[in-house]
Amino acid sequence: MQIVVLDGYALNPGDLSWAGLQALGSYTIYDRTLPEELVPRAAEADIVTANKVQLSRETIARLPRLKCIAVTATGYDIVDVVAARERGIAVCNVPDYATPSVVQMVFAHLLNLTLHVAEHARGVAAGRWSRSPDFCYWDFPLVELAGLTIGLVGFGRIGRATAQVALAMGMKVLAFDKMPVALAGVQFVPLDNLFRQSDVVSLHCPLTPETENLVNAERLATMKRSAYVINTSRGPLVDEPALAAALHAGQIAAAGLDVLSTEPPPPDHPLLTAPNCYITPHIAWATRAARERLLAVTVANVKAFLAGTPQNVVNAGS
């Protein structure tokens, strides 16, 4: 079996081992693959792994030997799963590798928004504390999380884990999900109610045609002026020009984002210059522990496919 890793660098920039995958067949590992390089590189592949490389219907049609696509992520919107199913190509994902790390990033952003950790640390480094006439100072309002309401859009594994941490910190938790799973202390409400009532709206849903631009001008207009938006899920869930406009207008207090609709973003992206907008470069998933789990499950997915018992298949059925 020919295994081709199309974009392995983000998963393993050198601190992990490919040995588990290498033991399963002939392999080629590419750090990155440009669109025009995809077909030549994967033409002889029986199995490909991909994280961000787009495998469209047209591309899949040009890969006659392809039998399995192992997505090195939970989300699999990079693959035309219908086209793959029509060809009998299994598409496997890794459903639960980064939950603790993503939850950690949610609260890293939230704690930064409420305590302005980054600004205060920069101020101290610049001598602001040394010049202070008092033993302490703060340049921004400091907000306590206990008693605030967090609204979780999506209540899968990450949403539920986020809820548990929020409850432990004394927050009230609202949630919206089409298939709600009960959790003590969590109240399910309609989506529009969640935006109106929450002090923090945190996104934990997949990107679908229905959820694209879920955070739009209309919903932002209903939020509290003191509210925050946090997105560690998928960039296109947010209408980014609308969010930038809301931040410029003071319609909401701030946003913490780990994802954008275009990654890397163009230099003129409207959120890069929006006030009170803090953006990290899509790293919630990227702790070493999470990447170790991701690679281990990817290897297990390939091994299971080769054994005739594919697992974590997202395009099964007719």
# chains A, B, ... in the order shown; residues from 1 in each chain; ligands from 1

$ residues_around --residues "range 24-30 of chain A" --least-positions-apart "2" --cutoff "12 Å" --atoms "only C-alpha atoms" --output "PyMOL selection string"
chain A and resi 1-13+17-22+32-34+37-38+41-42+44-51+53+298-307

$ write_last_selection --atoms "N, CA and C atoms" --output "compact mmCIF listing (two decimals), in the first residue's frame"
# COMPACT_ATOMS: atom_id res chain seq x y z
N MET A 1 0.84 -1.19 0.00
CA MET A 1 0.00 0.00 0.00
C MET A 1 0.88 1.26 0.00
N GLN A 2 0.52 2.20 -0.83
CA GLN A 2 1.23 3.47 -0.91
C GLN A 2 0.51 4.50 -0.03
N ILE A 3 1.20 5.03 0.95
CA ILE A 3 0.65 6.03 1.86
C ILE A 3 1.34 7.35 1.58
N VAL A 4 0.54 8.41 1.38
CA VAL A 4 1.10 9.73 1.14
C VAL A 4 0.53 10.70 2.17
N VAL A 5 1.42 11.33 2.92
CA VAL A 5 1.04 12.39 3.86
C VAL A 5 1.19 13.71 3.12
N LEU A 6 0.08 14.41 2.92
CA LEU A 6 0.09 15.59 2.07
C LEU A 6 0.55 16.86 2.78
N ASP A 7 0.25 16.98 4.06
CA ASP A 7 0.64 18.20 4.80
C ASP A 7 0.96 17.83 6.24
N GLY A 8 2.13 17.25 6.42
CA GLY A 8 2.48 16.70 7.71
C GLY A 8 3.14 17.65 8.68
N TYR A 9 3.57 18.83 8.23
CA TYR A 9 4.40 19.68 9.09
C TYR A 9 3.65 20.20 10.31
N ALA A 10 2.42 20.67 10.11
CA ALA A 10 1.70 21.23 11.26
C ALA A 10 1.48 20.17 12.34
N LEU A 11 1.17 18.95 11.91
CA LEU A 11 0.97 17.86 12.86
C LEU A 11 2.29 17.48 13.52
N ASN A 12 3.33 17.38 12.73
CA ASN A 12 4.61 16.93 13.26
C ASN A 12 5.75 17.75 12.67
N PRO A 13 6.06 18.88 13.31
CA PRO A 13 7.16 19.72 12.83
C PRO A 13 8.52 19.18 13.21
N SER A 17 7.14 11.26 16.17
CA SER A 17 7.70 10.22 15.31
C SER A 17 6.66 9.71 14.33
N TRP A 18 7.08 9.55 13.08
CA TRP A 18 6.21 8.96 12.05
C TRP A 18 6.32 7.44 12.03
N ALA A 19 7.03 6.84 12.96
CA ALA A 19 7.34 5.41 12.88
C ALA A 19 6.10 4.54 12.77
N GLY A 20 5.05 4.89 13.51
CA GLY A 20 3.84 4.08 13.47
C GLY A 20 3.23 4.02 12.09
N LEU A 21 3.20 5.14 11.38
CA LEU A 21 2.67 5.18 10.03
C LEU A 21 3.62 4.51 9.05
N GLN A 22 4.89 4.72 9.23
CA GLN A 22 5.89 4.16 8.32
C GLN A 22 5.89 2.63 8.34
N ARG A 32 4.14 20.20 3.19
CA ARG A 32 3.04 21.00 2.65
C ARG A 32 2.81 20.61 1.21
N THR A 33 1.56 20.76 0.74
CA THR A 33 1.24 20.45 -0.65
C THR A 33 0.39 21.57 -1.21
N LEU A 34 0.87 22.20 -2.26
CA LEU A 34 0.10 23.23 -2.95
C LEU A 34 -0.95 22.57 -3.84
N GLU A 37 0.21 20.71 -6.78
CA GLU A 37 1.09 19.57 -6.50
C GLU A 37 0.32 18.34 -6.07
N LEU A 38 -0.96 18.51 -5.73
CA LEU A 38 -1.71 17.43 -5.08
C LEU A 38 -1.81 16.19 -5.97
N ARG A 41 1.47 14.27 -6.69
CA ARG A 41 2.00 13.61 -5.50
C ARG A 41 1.17 12.43 -5.05
N ALA A 42 -0.15 12.50 -5.25
CA ALA A 42 -1.04 11.45 -4.74
C ALA A 42 -1.51 10.48 -5.82
N GLU A 44 -0.36 7.88 -7.24
CA GLU A 44 -0.15 6.45 -7.00
C GLU A 44 -0.55 6.03 -5.59
N ALA A 45 -1.19 6.94 -4.86
CA ALA A 45 -1.48 6.66 -3.45
C ALA A 45 -2.73 5.78 -3.30
N ASP A 46 -2.64 4.83 -2.40
CA ASP A 46 -3.82 4.07 -1.97
C ASP A 46 -4.48 4.77 -0.78
N ILE A 47 -3.66 5.40 0.04
CA ILE A 47 -4.14 6.09 1.23
C ILE A 47 -3.45 7.45 1.29
N VAL A 48 -4.22 8.49 1.53
CA VAL A 48 -3.62 9.80 1.78
C VAL A 48 -4.08 10.30 3.14
N THR A 49 -3.22 11.06 3.80
CA THR A 49 -3.64 11.79 4.99
C THR A 49 -3.57 13.27 4.66
N ALA A 50 -4.53 14.02 5.19
CA ALA A 50 -4.60 15.46 4.91
C ALA A 50 -5.25 16.17 6.08
N ASN A 51 -4.82 17.39 6.32
CA ASN A 51 -5.41 18.22 7.35
C ASN A 51 -6.12 19.41 6.73
N VAL A 53 -5.39 20.28 3.14
CA VAL A 53 -5.40 20.13 1.68
C VAL A 53 -6.81 19.75 1.23
N THR A 298 -4.67 8.56 14.00
CA THR A 298 -4.53 8.48 12.55
C THR A 298 -3.87 7.18 12.15
N VAL A 299 -2.81 6.81 12.84
CA VAL A 299 -2.15 5.52 12.57
C VAL A 299 -3.13 4.37 12.80
N ALA A 300 -3.89 4.43 13.88
CA ALA A 300 -4.86 3.37 14.17
C ALA A 300 -5.94 3.31 13.09
N ASN A 301 -6.36 4.48 12.56
CA ASN A 301 -7.35 4.50 11.49
C ASN A 301 -6.82 3.81 10.24
N VAL A 302 -5.58 4.12 9.88
CA VAL A 302 -4.97 3.50 8.70
C VAL A 302 -4.80 2.00 8.92
N LYS A 303 -4.35 1.63 10.09
CA LYS A 303 -4.16 0.20 10.41
C LYS A 303 -5.49 -0.55 10.34
N ALA A 304 -6.54 0.05 10.89
CA ALA A 304 -7.85 -0.60 10.86
C ALA A 304 -8.36 -0.73 9.43
N PHE A 305 -8.14 0.28 8.61
CA PHE A 305 -8.56 0.19 7.21
C PHE A 305 -7.83 -0.95 6.51
N LEU A 306 -6.52 -1.03 6.72
CA LEU A 306 -5.75 -2.09 6.07
C LEU A 306 -6.18 -3.48 6.54
N ALA A 307 -6.68 -3.56 7.77
CA ALA A 307 -7.15 -4.84 8.31
C ALA A 307 -8.56 -5.19 7.85

$ select_by_dssp --residues "range 21-265 of chain A" --states "strand (DSSP E)" --output "JSON, numbers by chain"
{"A": [26, 27, 28, 29, 47, 48, 49, 50, 68, 69, 70, 71, 90, 91, 92, 149, 150, 151, 152, 153, 172, 173, 174, 175, 176, 186, 187, 188, 200, 201, 202, 203, 228, 229, 230, 231, 254, 255, 256, 257]}

$ atom_distance --atom1 "CA of Met223 in chain A" --atom2 "CA of His109 in chain A"
18.7 Å

$ residues_around --residues "Thr222 in chain A" --least-positions-apart "6" --cutoff "12 Å" --atoms "only C-alpha atoms" --output "VMD selection string"
chain A and resid 191 to 199 215 to 216 246 251 to 252

$ write_last_selection --atoms "C-alpha atoms" --output "PDB file, in the first residue's frame"
ATOM      1  CA  LEU A 191     -30.158  30.216  19.685  1.00  0.00           C
ATOM      2  CA  ASP A 192     -31.369  33.805  19.545  1.00  0.00           C
ATOM      3  CA  ASN A 193     -32.115  33.747  23.283  1.00  0.00           C
ATOM      4  CA  LEU A 194     -28.590  32.521  23.919  1.00  0.00           C
ATOM      5  CA  PHE A 195     -27.094  35.523  22.101  1.00  0.00           C
ATOM      6  CA  ARG A 196     -29.339  37.959  23.981  1.00  0.00           C
ATOM      7  CA  GLN A 197     -28.781  36.534  27.460  1.00  0.00           C
ATOM      8  CA  SER A 198     -25.087  35.579  27.433  1.00  0.00           C
ATOM      9  CA  ASP A 199     -22.134  37.559  28.720  1.00  0.00           C
ATOM     10  CA  VAL A 215     -22.542  35.066  14.196  1.00  0.00           C
ATOM     11  CA  ASN A 216     -23.890  37.828  11.958  1.00  0.00           C
ATOM     12  CA  ALA A 246     -19.570  45.593  15.918  1.00  0.00           C
ATOM     13  CA  GLN A 251     -21.664  47.005  20.089  1.00  0.00           C
ATOM     14  CA  ILE A 252     -19.926  44.214  22.016  1.00  0.00           C
TER      15      ILE A 252
END

$ residues_around --residues "Gly250 in chain A" --least-positions-apart "5" --cutoff "9 Å" --atoms "only C-alpha atoms" --output "PyMOL selection string"
chain A and resi 225-226+245+275

$ atom_distance --atom1 "CA of Pro95 in chain A" --atom2 "CA of Cys205 in chain A"
13.2 Å

$ residues_around --residues "Leu111 in chain A" --least-positions-apart "4" --cutoff "12 Å" --atoms "only C-alpha atoms" --output "count of residues only"
22

$ residues_around --residues "range 153-161 of chain A" --least-positions-apart "6" --cutoff "6 Å" --atoms "only C-alpha atoms" --output "short mmCIF file (atom, residue, chain, number, x, y, z; two decimals) with N, CA and C atoms, in the first residue's frame"
data_model
loop_
_atom_site.label_atom_id
_atom_site.label_comp_id
_atom_site.auth_asym_id
_atom_site.auth_seq_id
_atom_site.Cartn_x
_atom_site.Cartn_y
_atom_site.Cartn_z
N THR A 99 -9.83 17.84 22.81
CA THR A 99 -10.81 18.47 23.70
C THR A 99 -10.18 19.23 24.86
N ALA A 175 -26.89 26.72 26.66
CA ALA A 175 -26.39 25.97 25.51
C ALA A 175 -27.46 25.86 24.45
N PHE A 176 -27.00 25.73 23.23
CA PHE A 176 -27.88 25.44 22.10
C PHE A 176 -27.27 24.30 21.31
N ASP A 177 -28.09 23.28 21.04
CA ASP A 177 -27.68 22.17 20.20
C ASP A 177 -28.94 21.51 19.67
N LEU A 203 -18.24 29.41 20.55
CA LEU A 203 -18.70 28.57 19.44
C LEU A 203 -18.03 27.21 19.45
N HIS A 204 -18.86 26.16 19.36
CA HIS A 204 -18.36 24.78 19.42
C HIS A 204 -19.12 23.88 18.45
N CYS A 205 -19.46 24.41 17.29
CA CYS A 205 -20.25 23.64 16.33
C CYS A 205 -19.47 23.45 15.04
#
